[in-house]
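Engineer: Input: one structure, supplied below.
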Amino acid sequence: MATIQTQRLRRDPGLVTRMYFTMFLLGALYAIFALILYRLNVGMVPLVVIVGVMASVQYFLSDRMILWSTGAKQVSEDDEPKLHAMVSRLAIRAGIPKPKVAVMTNSIPNAFATGRNPSNALIAITTGIRDRLTERELEAVIGHELAHVTNRDMRVLAIANFLVMLTSFLMTMLFWNMMFGGMMGRRGNQTGPIMIVYLVTIAVYFVGQLLVLALTRYREYGADHGGAVISGDPSSLASALEKISGSLARIPEKDLRKVQTANAFMIIPALRGNGTANLFSTHPPVEDRVRRLRDMEQQIRYGDM
């Protein structure tokens with residue numbers, strides 16, 4: 001099996017270009033939206049402050065919130081010496097500080113990473129993934145999660161989600177304003193402008209959500225590429241994805257519900273069926289991810305990387 005000896009993670013240039021172009025489109029969309037609101041004399045300062053506080057809490061406490069929602073428990077080196085050794089070895093290869101380690105007692109084979117930067121990162125795996133994967137496959141999965149950390153995906157998503165959260169909050173406020181203060185309680189010229197702002201907000205929210213979802217899918221492709229580089233084993237990551245995806249249909253529904261709040265962070269969403277092959281998914285189709293990794297393996301084997 002070919003390995004990649006590197007301390008510096010090289011990113012797929014084509015993928016990086018698509019990610020930054022998506023971020024540019026997202027920024028342009030909200031710049032136009034802000035201009036429209038300004039022209040319509042919509043006061044946004046209080047709303048930005050409220051949503052900013054909510055987004056900051058989510059950003060800085062995301063690791064604790066996800067641990068709480070999934071029931072994952074942080075483990076020490078004495079509790080999990082082999083797992084800690086694996087994370088430490090791969091973190092060195094990735095050139096980042098060793099993240100904290102957590103384990104979820106759950107039959108779902110899955111893993112996730114969280115933390116606002118490499119110094120505050122946490123890697124969590126389920127007992128189910130350890131039972132189903134080989135050691136090399138588990139290493140490749142952990143490499144994937146470390147790639148999320150090195151790419152600082154949480155920071156990118158925090159900015160993107162702030163913008164979508166802002167329009168969602170405004171859309172809700174406008175709806176209730178029209179129900180109880182605008183269309184029902186006001187007369188004259190108030191209803192028209194409020195309706196215009198409401199319709200524009202809906203359109204911006206919808207397009208913004210699609211762009212953020214595209215960004216989250218790109219981050220998974222990027223983490224697959226980075227994880228294959230860190231572990232030096234694209235084929236093991238590909239086989240791990242196939243095993244995880246293939247086993248979800250046999251997982252009890254009660255276990256799937258336990259992690260539904262963290263699906264966006266998981267290596268594969270804990271959902272039945274092929275719920276990843278559409279515009280409204282946080283993850284790209286598993287088949288496409290596997291194909292890319294198999295191609296990457298061939299490139300490594302024949303010296304193209």
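Ordering of the structure tokens sets the chain letters (A, B, ...); residue numbers start at 1 within each chain; ligands are numbered from 1 in the order shown.
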Using only C-alpha atoms, what table do you get, as a tab-separated table, when you list each residue of stretch 39-156 of chain A with an atom no more than 10 Å from stretch 225-246 of chain A, its nearest pair of atoms, and their distance in Å rounded to one decimal, rows by chain then rising number?
Structural biologist:
residue	atom	partner	partner_atom	distance
A:Arg89	CA	A:Ser231	CA	9.7
A:Leu90	CA	A:Ile230	CA	6.6
A:Ala91	CA	A:Ile230	CA	8.4
A:Ile92	CA	A:Ile230	CA	9.3
A:Arg93	CA	A:Ile230	CA	6.1
A:Ala94	CA	A:Ile230	CA	5.9
A:Gly95	CA	A:Ile230	CA	9.5
A:Ile108	CA	A:Ile244	CA	8.2
A:Pro109	CA	A:Ile244	CA	5.7
A:Asn110	CA	A:Ile244	CA	7.0
A:Gly128	CA	A:Ile244	CA	9.5
A:Ile129	CA	A:Ile244	CA	7.6
A:Arg132	CA	A:Lys243	CA	7.7
A:Leu133	CA	A:Ala240	CA	6.6
A:Thr134	CA	A:Ala240	CA	8.4
A:Glu135	CA	A:Ser236	CA	9.4
A:Arg136	CA	A:Ser236	CA	6.3
A:Glu137	CA	A:Ser236	CA	4.8
A:Leu138	CA	A:Ala240	CA	7.4
A:Glu139	CA	A:Ser231	CA	6.4
A:Ala140	CA	A:Leu237	CA	5.0
A:Val141	CA	A:Leu237	CA	6.1
A:Ile142	CA	A:Gly227	CA	7.4
A:Gly143	CA	A:Gly227	CA	4.1
A:His144	CA	A:Gly227	CA	3.7
A:Glu145	CA	A:Gly227	CA	7.0
A:Leu146	CA	A:Gly227	CA	7.0
A:Ala147	CA	A:Gly226	CA	5.1
A:His148	CA	A:Gly226	CA	8.2
A:Thr150	CA	A:Gly226	CA	8.7
A:Asn151	CA	A:Gly226	CA	8.7
Engineer: The selected residues should be written to file as a tab-separated table (two decimals), in the first residue's frame (atoms: C-alpha atoms).
Structural biologist:
chain	number	residue	atom	x	y	z
A	89	ARG	CA	0.33	9.78	15.59
A	90	LEU	CA	-2.00	11.15	12.93
A	91	ALA	CA	-2.10	14.62	14.49
A	92	ILE	CA	1.69	14.75	14.23
A	93	ARG	CA	1.44	13.86	10.55
A	94	ALA	CA	-1.17	16.56	10.07
A	95	GLY	CA	1.03	19.10	11.86
A	108	ILE	CA	-23.91	3.48	14.64
A	109	PRO	CA	-20.50	3.33	12.94
A	110	ASN	CA	-19.59	7.01	12.76
A	128	GLY	CA	-19.99	0.89	16.54
A	129	ILE	CA	-17.33	2.18	14.18
A	132	ARG	CA	-16.92	-2.71	12.28
A	133	LEU	CA	-13.73	-1.21	10.85
A	134	THR	CA	-10.21	-2.54	10.59
A	135	GLU	CA	-7.42	-0.59	12.25
A	136	ARG	CA	-6.31	0.92	8.93
A	137	GLU	CA	-9.87	1.95	8.09
A	138	LEU	CA	-10.30	3.56	11.50
A	139	GLU	CA	-7.01	5.43	11.02
A	140	ALA	CA	-8.28	6.74	7.68
A	141	VAL	CA	-11.54	7.91	9.28
A	142	ILE	CA	-9.66	9.72	12.03
A	143	GLY	CA	-7.46	11.26	9.33
A	144	HIS	CA	-10.64	12.54	7.66
A	145	GLU	CA	-11.76	14.16	10.92
A	146	LEU	CA	-8.33	15.70	11.50
A	147	ALA	CA	-8.52	17.18	8.00
A	148	HIS	CA	-11.68	19.02	9.07
A	150	THR	CA	-6.67	21.50	9.76
A	151	ASN	CA	-9.01	23.07	7.19
Engineer: Report as a list in words: the residues of stretch 98-237 of chain A with a DSSP assignment of strand (DSSP E), based on the backbone of this structure.
Structural biologist: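 Assigned to strand (DSSP E), within stretch 98-237 of chain A: Lys100, Val101, Ala102, Val103, Met104, Ala111, Phe112, Ala113, Thr114, Leu122, Ile123, Ala124, Ile125 and Thr126 of chain A.
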Engineer: Rounded to one decimal place, report the atom CA of A:Pro193-atom CA of A:Tyr38 distance in Å.
Structural biologist: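 Computed distance, atom CA of A:Pro193 to atom CA of A:Tyr38, equals 12.3 Å.
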Engineer: Out of A:Tyr198, A:Phe206, A:Tyr221, A:Trp68, which residue has the shortest atom-to-atom distance to A:Leu37 when counting only C-alpha atoms?
Structural biologist: A:Tyr198
Engineer: What does the distance from atom CA of A:Leu163 to atom CA of A:Val197 come to in Å, to one decimal?
Structural biologist: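 Going from atom CA of A:Leu163 over to atom CA of A:Val197 covers 16.2 Å.
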Engineer: Find the spatial neighbours of A:Leu29, counting only C-alpha atoms, within a cut-off of 12 Å - ignore same-chain residues fewer than 2 positions away - and output them as a list of chain:residue names.
Structural biologist: A:Thr22, A:Met23, A:Phe24, A:Leu25, A:Leu26, A:Gly27, A:Ala31, A:Ile32, A:Phe33, A:Ala34, A:Leu35, A:Ile36, A:Ala160, A:Leu163, A:Val164, A:Thr167, A:Val200, A:Thr201, A:Ala203, A:Val204, A:Tyr205, A:Phe206, A:Val207, A:Gly208, A:Gln209, A:Leu210, A:Leu211, A:Val212
